[in-house]
Amino acid sequence: MTNRELFHATMLGENGDKLLHVEQGFNVPYKKWYKQGMPSHVQSARAELSEWENLHDHFNVTGFLGAPWIGVINEFCYPTYEGRLVSDDGSRVTYITGLGNTLRMYTQSEREKRDDGTTVGGLFNEIAFAVTCRKDYESTRELYIGNHAERYDVAWAKENASACMEQTDFLLTHFVTGPFAYLRSILGTETAIAAPYEDPEWVQMMLRDHLETCIGTYAELFKYIRHDISYVWEDCCGKTGPFMSPHIFDETFAWWYREWKDYTKSMGIPWTVLDTDGDPSPLVVQWYENGIDCMLPWEVNGVDMLKFAEQYPKYKMIGGIYKHMFEPASPGQVGRFTTNDVYEAIDIELKRVVEPMRKRGGYFPMLDHGAQGAVDYQGYKHYSERLYEYGKANTINRTFRQQ
């Protein structure tokens, strides 16, 4: 089977003992990896169609092929605000985004200095938001609705549709912002948490506007591309749990998932995958019951995926492999492994997670939030190759240019 065929077979419970190795992404130090043996012709971390081999291709790992990529479809305000630089002290910049929000982050030169595999250089601080209350939203509401045909690049869709649908290496995916993540993006996290209590009618107005904007805009895209996956980005959980109660989920957000699932399924897209970090435990069952077919990444520091896998054997799952297995001696990891040897730690983790999940079924091995941090090239290579012993059956059908 091709990777795409194996994905669908796994979702349907028809994959036998074959496993599809997926990765959410790579945020790794290229300079270090080249020194550790990575070929120079591997020049991209993104799952993409190119004449050059990317990291997914190199390790025979599938990923989510954005068609279009994240952020290309505008679900938010149209036209956008004029982004501009507010200040630059040489170390950090403060700027206004297309959403009208004010953010602060490290400068490009400072991020380049921090090419050590960490994500600190890319993190930002939220300073202010264009929408702070119902009055702000209502006065600019025309920006958040309508103009569906202008919210995506129709030329890109026409030009790339055939190549995207004909390829078999990556999972053809479109990305949509989930209801809480949408509120968080335009209001900030604190206001997004409080608004369902303080003004539930306003929240319903915003989410209805968002859903109708998404449906109208994606209807234009679906004229050209049919996807394997509707990927819902919904980062609404921290290490100690979700930013909403199960009661608020049912009252405020559940309908959004049901209606989005009904729509995408009617458009021929069979599966809806939810991406949320941290500990989603109080809401896991509600997500699956309201239209989500599969969840990721099941971060080990936040949630015990194996517990839910045993309790709910029909739930499909991606992830749950501890990304810090590549650094077993790191602070905070004491006691999780019986060894400080990286290769042995990897073997212990795969036996802990992949062995029982393969027997259970409905599972895709993946790190619990992409390859990042201190993972080194040889360590990741060992992990990827060791998965063949557990039934990894990925295939790469494209050919690549070599330097």
# chains A, B, ... in the order shown; residues from 1 in each chain; ligands from 1
>>> closest_atom_pairs(of="stretch 20-88 of chain A", to="stretch 220-241 of chain A", cutoff="9 Å", atoms="only C-alpha atoms", output="tab-separated table")
residue	atom	partner	partner_atom	distance
A:Phe64	CA	A:Ile229	CA	8.7
A:Ala67	CA	A:Ile225	CA	7.8
A:Pro68	CA	A:Leu221	CA	8.9
>>> write_last_selection(atoms="N, CA and C atoms", output="PDB file, in the first residue's frame")
ATOM      1  N   PHE A  64       1.982  15.675   6.882  1.00  0.00           N
ATOM      2  CA  PHE A  64       0.751  16.307   6.421  1.00  0.00           C
ATOM      3  C   PHE A  64       1.085  17.310   5.318  1.00  0.00           C
ATOM      4  N   ALA A  67      -2.476  21.540   1.604  1.00  0.00           N
ATOM      5  CA  ALA A  67      -2.954  21.898   0.265  1.00  0.00           C
ATOM      6  C   ALA A  67      -4.176  22.801   0.398  1.00  0.00           C
ATOM      7  N   PRO A  68      -3.996  24.107   0.632  1.00  0.00           N
ATOM      8  CA  PRO A  68      -2.712  24.801   0.756  1.00  0.00           C
ATOM      9  C   PRO A  68      -2.148  24.669   2.158  1.00  0.00           C
TER      10      PRO A  68
END
>>> residues_around(residues="A:Ala345", least_positions_apart="4", cutoff="9 Å", atoms="only C-alpha atoms", output="JSON, numbers by chain")
{"A": [325, 326, 327, 328, 337, 338, 339, 340, 341, 349, 350]}
>>> write_last_selection(atoms="N, CA and C atoms", output="compact mmCIF listing (two decimals), in the first residue's frame")
# COMPACT_ATOMS: atom_id res chain seq x y z
N MET A 325 12.83 11.25 24.80
CA MET A 325 13.60 10.01 24.89
C MET A 325 14.99 10.19 24.29
N PHE A 326 15.14 11.22 23.46
CA PHE A 326 16.45 11.50 22.87
C PHE A 326 17.40 12.17 23.86
N GLU A 327 16.91 12.53 25.02
CA GLU A 327 17.72 13.20 26.04
C GLU A 327 17.34 12.68 27.42
N PRO A 328 17.53 11.39 27.66
CA PRO A 328 17.01 10.79 28.90
C PRO A 328 17.65 11.34 30.17
N PHE A 337 13.35 6.78 32.52
CA PHE A 337 14.14 5.74 31.87
C PHE A 337 15.10 5.11 32.87
N THR A 338 15.47 3.87 32.61
CA THR A 338 16.43 3.19 33.48
C THR A 338 17.84 3.31 32.94
N THR A 339 18.02 4.15 31.93
CA THR A 339 19.33 4.30 31.31
C THR A 339 19.51 5.74 30.87
N ASN A 340 20.77 6.14 30.75
CA ASN A 340 21.09 7.45 30.17
C ASN A 340 21.57 7.30 28.73
N ASP A 341 21.63 6.07 28.24
CA ASP A 341 22.03 5.83 26.86
C ASP A 341 20.86 6.13 25.93
N GLU A 349 11.26 3.19 25.07
CA GLU A 349 10.04 3.94 24.80
C GLU A 349 9.20 3.29 23.70
N LEU A 350 9.85 2.80 22.66
CA LEU A 350 9.10 2.14 21.59
C LEU A 350 8.43 0.86 22.10
>>> select_by_dssp(residues="stretch 18-265 of chain A", states="strand (DSSP E or B)", output="ChimeraX atom specification")
/A:19,22,26-27,44,54,62,64-66,84-88,92-96,102-106,124-128,171-177,229-233,237-238,241-242
>>> write_last_selection(atoms="C-alpha atoms", output="PDB file, in the first residue's frame")
ATOM      1  CA  LEU A  19       2.136   0.727  10.739  1.00  0.00           C
ATOM      2  CA  VAL A  22       3.917   9.906  10.760  1.00  0.00           C
ATOM      3  CA  PHE A  26      10.882  18.844  12.349  1.00  0.00           C
ATOM      4  CA  ASN A  27      12.245  21.808  14.269  1.00  0.00           C
ATOM      5  CA  SER A  44      13.765  21.148   3.881  1.00  0.00           C
ATOM      6  CA  ASN A  54      13.126  16.693   2.631  1.00  0.00           C
ATOM      7  CA  THR A  62       5.028  10.584   6.044  1.00  0.00           C
ATOM      8  CA  PHE A  64       0.751  16.307   6.421  1.00  0.00           C
ATOM      9  CA  LEU A  65       0.926  17.869   2.965  1.00  0.00           C
ATOM     10  CA  GLY A  66      -0.821  21.186   3.317  1.00  0.00           C
ATOM     11  CA  ARG A  84       4.113  47.051  10.634  1.00  0.00           C
ATOM     12  CA  LEU A  85       7.172  47.219  12.816  1.00  0.00           C
ATOM     13  CA  VAL A  86       6.699  49.107  16.080  1.00  0.00           C
ATOM     14  CA  SER A  87      10.179  48.821  17.571  1.00  0.00           C
ATOM     15  CA  ASP A  88      13.483  46.968  17.186  1.00  0.00           C
ATOM     16  CA  ARG A  92      13.637  41.771  20.035  1.00  0.00           C
ATOM     17  CA  VAL A  93      11.117  43.312  17.697  1.00  0.00           C
ATOM     18  CA  THR A  94       7.604  44.507  18.464  1.00  0.00           C
ATOM     19  CA  TYR A  95       5.222  44.481  15.516  1.00  0.00           C
ATOM     20  CA  ILE A  96       1.560  44.562  14.527  1.00  0.00           C
ATOM     21  CA  THR A 102       0.739  43.451  18.769  1.00  0.00           C
ATOM     22  CA  LEU A 103       3.436  40.817  19.369  1.00  0.00           C
ATOM     23  CA  ARG A 104       7.057  40.804  20.504  1.00  0.00           C
ATOM     24  CA  MET A 105       9.675  38.210  19.525  1.00  0.00           C
ATOM     25  CA  TYR A 106      13.390  37.720  18.952  1.00  0.00           C
ATOM     26  CA  PHE A 124       6.505  35.461  20.937  1.00  0.00           C
ATOM     27  CA  ASN A 125       4.816  37.488  23.645  1.00  0.00           C
ATOM     28  CA  GLU A 126       1.272  38.742  23.098  1.00  0.00           C
ATOM     29  CA  ILE A 127       1.126  42.439  23.951  1.00  0.00           C
ATOM     30  CA  ALA A 128      -2.290  43.616  22.737  1.00  0.00           C
ATOM     31  CA  LEU A 171      -1.370  12.783   3.663  1.00  0.00           C
ATOM     32  CA  LEU A 172      -3.279  15.409   1.696  1.00  0.00           C
ATOM     33  CA  THR A 173      -4.479  17.869   4.298  1.00  0.00           C
ATOM     34  CA  HIS A 174      -6.258  21.156   4.741  1.00  0.00           C
ATOM     35  CA  PHE A 175      -5.935  23.080   7.983  1.00  0.00           C
ATOM     36  CA  VAL A 176      -8.703  24.850   9.836  1.00  0.00           C
ATOM     37  CA  THR A 177      -8.613  26.728  13.134  1.00  0.00           C
ATOM     38  CA  ILE A 229      -7.814  14.923   6.191  1.00  0.00           C
ATOM     39  CA  SER A 230      -9.474  17.963   7.661  1.00  0.00           C
ATOM     40  CA  TYR A 231      -6.885  18.970  10.271  1.00  0.00           C
ATOM     41  CA  VAL A 232      -8.308  21.057  13.113  1.00  0.00           C
ATOM     42  CA  TRP A 233      -5.715  23.068  15.036  1.00  0.00           C
ATOM     43  CA  CYS A 237      -4.910  22.568  26.689  1.00  0.00           C
ATOM     44  CA  GLY A 238      -2.008  23.119  29.039  1.00  0.00           C
ATOM     45  CA  GLY A 241      -5.732  20.427  31.514  1.00  0.00           C
ATOM     46  CA  PRO A 242      -8.004  22.260  29.037  1.00  0.00           C
TER      47      PRO A 242
END
>>> residues_around(residues="A:Met366", least_positions_apart="3", cutoff="12 Å", atoms="only C-alpha atoms", output="short mmCIF file (atom, residue, chain, number, x, y, z; two decimals) with C-alpha atoms, in the first residue's frame")
data_model
loop_
_atom_site.label_atom_id
_atom_site.label_comp_id
_atom_site.auth_asym_id
_atom_site.auth_seq_id
_atom_site.Cartn_x
_atom_site.Cartn_y
_atom_site.Cartn_z
CA LEU A 19 2.14 0.73 10.74
CA LEU A 20 2.35 4.13 9.07
CA HIS A 21 5.07 6.27 10.64
CA VAL A 22 3.92 9.91 10.76
CA GLU A 23 5.72 13.02 11.92
CA GLN A 24 4.09 16.29 12.83
CA GLY A 25 7.18 18.23 11.84
CA PHE A 26 10.88 18.84 12.35
CA VAL A 61 8.32 9.21 7.28
CA THR A 62 5.03 10.58 6.04
CA GLY A 63 3.64 13.95 7.04
CA MET A 295 -6.36 12.95 17.93
CA LEU A 296 -2.70 13.95 18.20
CA PRO A 297 -0.04 14.39 19.58
CA TRP A 298 -0.80 12.95 23.07
CA GLU A 299 2.07 14.67 24.87
CA VAL A 300 3.55 12.26 27.39
CA MET A 317 -4.62 7.92 17.76
CA ILE A 318 -1.44 9.52 16.41
CA GLY A 319 1.60 10.15 18.60
CA GLY A 320 2.31 9.45 22.25
CA ILE A 321 6.03 8.64 21.78
CA TYR A 322 8.04 10.72 24.24
CA LYS A 323 10.12 13.25 22.31
CA GLU A 349 10.04 3.94 24.80
CA LEU A 350 9.10 2.14 21.59
CA VAL A 353 4.17 2.57 23.44
CA VAL A 354 4.37 1.04 19.98
CA MET A 357 -0.55 0.04 20.33
CA TYR A 363 -2.56 3.75 15.77
CA HIS A 369 4.91 16.97 19.08
CA GLY A 370 7.48 16.64 16.34
CA ALA A 371 11.23 16.23 16.32
CA TYR A 380 16.37 10.18 15.11
CA TYR A 383 14.29 5.72 16.14
CA SER A 384 13.02 5.76 12.55
CA LEU A 387 10.18 1.22 13.90
CA LYS A 392 6.63 0.26 9.81
#
>>> residues_around(residues="stretch 250-254 of chain A", least_positions_apart="4", cutoff="8 Å", atoms="only C-alpha atoms", output="count of residues only")
11
>>> closest_residue(among="A:Asn60, A:Ser281, A:Ser185, A:Asn147", to="A:Phe170", atoms="only C-alpha atoms")
A:Asn60
>>> residues_around(residues="A:Tyr288", least_positions_apart="2", cutoff="12 Å", atoms="only C-alpha atoms", output="CSV table (one decimal) with N, CA and C atoms, in the first residue's frame")
chain,number,residue,atom,x,y,z
A,254,ALA,N,-19.2,22.4,21.2
A,254,ALA,CA,-19.4,21.1,20.6
A,254,ALA,C,-20.1,21.2,19.2
A,257,TYR,N,-17.9,21.6,16.1
A,257,TYR,CA,-17.2,20.4,15.5
A,257,TYR,C,-18.2,19.5,14.8
A,258,ARG,N,-19.4,19.4,15.3
A,258,ARG,CA,-20.4,18.5,14.6
A,258,ARG,C,-20.7,19.1,13.2
A,261,LYS,N,-17.7,18.8,10.8
A,261,LYS,CA,-17.5,17.4,10.4
A,261,LYS,C,-18.6,17.0,9.3
A,271,TRP,N,-12.0,12.1,7.0
A,271,TRP,CA,-11.4,12.1,8.3
A,271,TRP,C,-11.2,13.5,8.9
A,272,THR,N,-11.5,13.7,10.1
A,272,THR,CA,-11.2,14.9,10.8
A,272,THR,C,-10.2,14.6,12.0
A,273,VAL,N,-9.0,15.2,11.9
A,273,VAL,CA,-8.0,15.0,12.9
A,273,VAL,C,-7.9,16.3,13.8
A,274,LEU,N,-7.8,16.1,15.1
A,274,LEU,CA,-7.7,17.2,16.0
A,274,LEU,C,-6.3,17.3,16.6
A,280,PRO,N,-5.5,16.8,27.4
A,280,PRO,CA,-6.9,17.0,27.0
A,280,PRO,C,-7.8,16.1,27.7
A,281,SER,N,-7.4,15.4,28.7
A,281,SER,CA,-8.1,14.3,29.3
A,281,SER,C,-9.6,14.6,29.5
A,282,PRO,N,-10.0,15.7,30.2
A,282,PRO,CA,-11.4,15.9,30.5
A,282,PRO,C,-12.3,16.0,29.2
A,283,LEU,N,-11.7,16.3,28.1
A,283,LEU,CA,-12.5,16.5,26.9
A,283,LEU,C,-12.3,15.5,25.8
A,284,VAL,N,-11.5,14.5,26.0
A,284,VAL,CA,-11.2,13.5,25.0
A,284,VAL,C,-12.4,12.8,24.4
A,285,VAL,N,-13.3,12.3,25.3
A,285,VAL,CA,-14.5,11.6,24.9
A,285,VAL,C,-15.4,12.5,24.2
A,286,GLN,N,-15.5,13.8,24.6
A,286,GLN,CA,-16.4,14.7,24.0
A,286,GLN,C,-16.0,15.1,22.6
A,290,ASN,N,-18.2,14.2,19.1
A,290,ASN,CA,-18.7,15.3,18.4
A,290,ASN,C,-18.0,15.5,17.1
A,291,GLY,N,-17.5,14.5,16.5
A,291,GLY,CA,-17.0,14.5,15.1
A,291,GLY,C,-15.6,14.3,14.8
A,292,ILE,N,-14.7,14.3,15.9
A,292,ILE,CA,-13.3,14.1,15.7
A,292,ILE,C,-13.0,12.6,15.5
A,293,ASP,N,-12.3,12.2,14.5
A,293,ASP,CA,-12.0,10.8,14.2
A,293,ASP,C,-10.7,10.3,14.8
A,294,CYS,N,-9.8,11.3,15.0
A,294,CYS,CA,-8.4,10.9,15.4
A,294,CYS,C,-7.8,12.1,16.1
A,295,MET,N,-7.0,11.9,17.2
A,295,MET,CA,-6.4,12.9,17.9
A,295,MET,C,-4.8,12.8,17.9
A,308,PHE,N,-6.2,5.9,27.7
A,308,PHE,CA,-7.3,6.1,26.9
A,308,PHE,C,-7.4,5.0,25.8
A,312,TYR,N,-10.8,3.0,25.5
A,312,TYR,CA,-11.6,3.3,24.3
A,312,TYR,C,-10.9,2.6,23.1
A,314,LYS,N,-11.7,1.7,20.2
A,314,LYS,CA,-12.0,2.1,18.8
A,314,LYS,C,-11.5,3.5,18.4
A,315,TYR,N,-10.9,4.3,19.4
A,315,TYR,CA,-10.4,5.6,19.1
A,315,TYR,C,-9.1,5.5,18.3
A,316,LYS,N,-9.0,6.2,17.2
A,316,LYS,CA,-7.8,6.3,16.4
A,316,LYS,C,-6.9,7.4,17.0
A,317,MET,N,-5.6,7.1,17.1
A,317,MET,CA,-4.6,7.9,17.8
A,317,MET,C,-3.3,8.0,17.0
>>> atom_distance(atom1="atom CA of A:Thr2", atom2="atom CA of A:Asn394")
7.3 Å
>>> select_by_dssp(residues="stretch 138-372 of chain A", states="helix (DSSP H, G or I)", output="PyMOL selection string")
chain A and resi 138-139+141-143+148-150+154-166+179-187+189-198+200-221+246-266+281-289+305-311+323-326+342-360
>>> atom_distance(atom1="atom CA of A:Lys351", atom2="atom CA of A:Gln372")
21.4 Å
>>> closest_residue(among="A:Leu211, A:Leu183, A:Val375, A:Ala149", to="A:Trp33", atoms="only C-alpha atoms")
A:Val375
>>> atom_distance(atom1="atom CA of A:Asn74", atom2="atom CA of A:Asp199")
25.6 Å
>>> closest_residue(among="A:Tyr144, A:Phe7, A:Tyr137, A:Tyr343", to="A:Pro79", atoms="only C-alpha atoms")
A:Tyr144
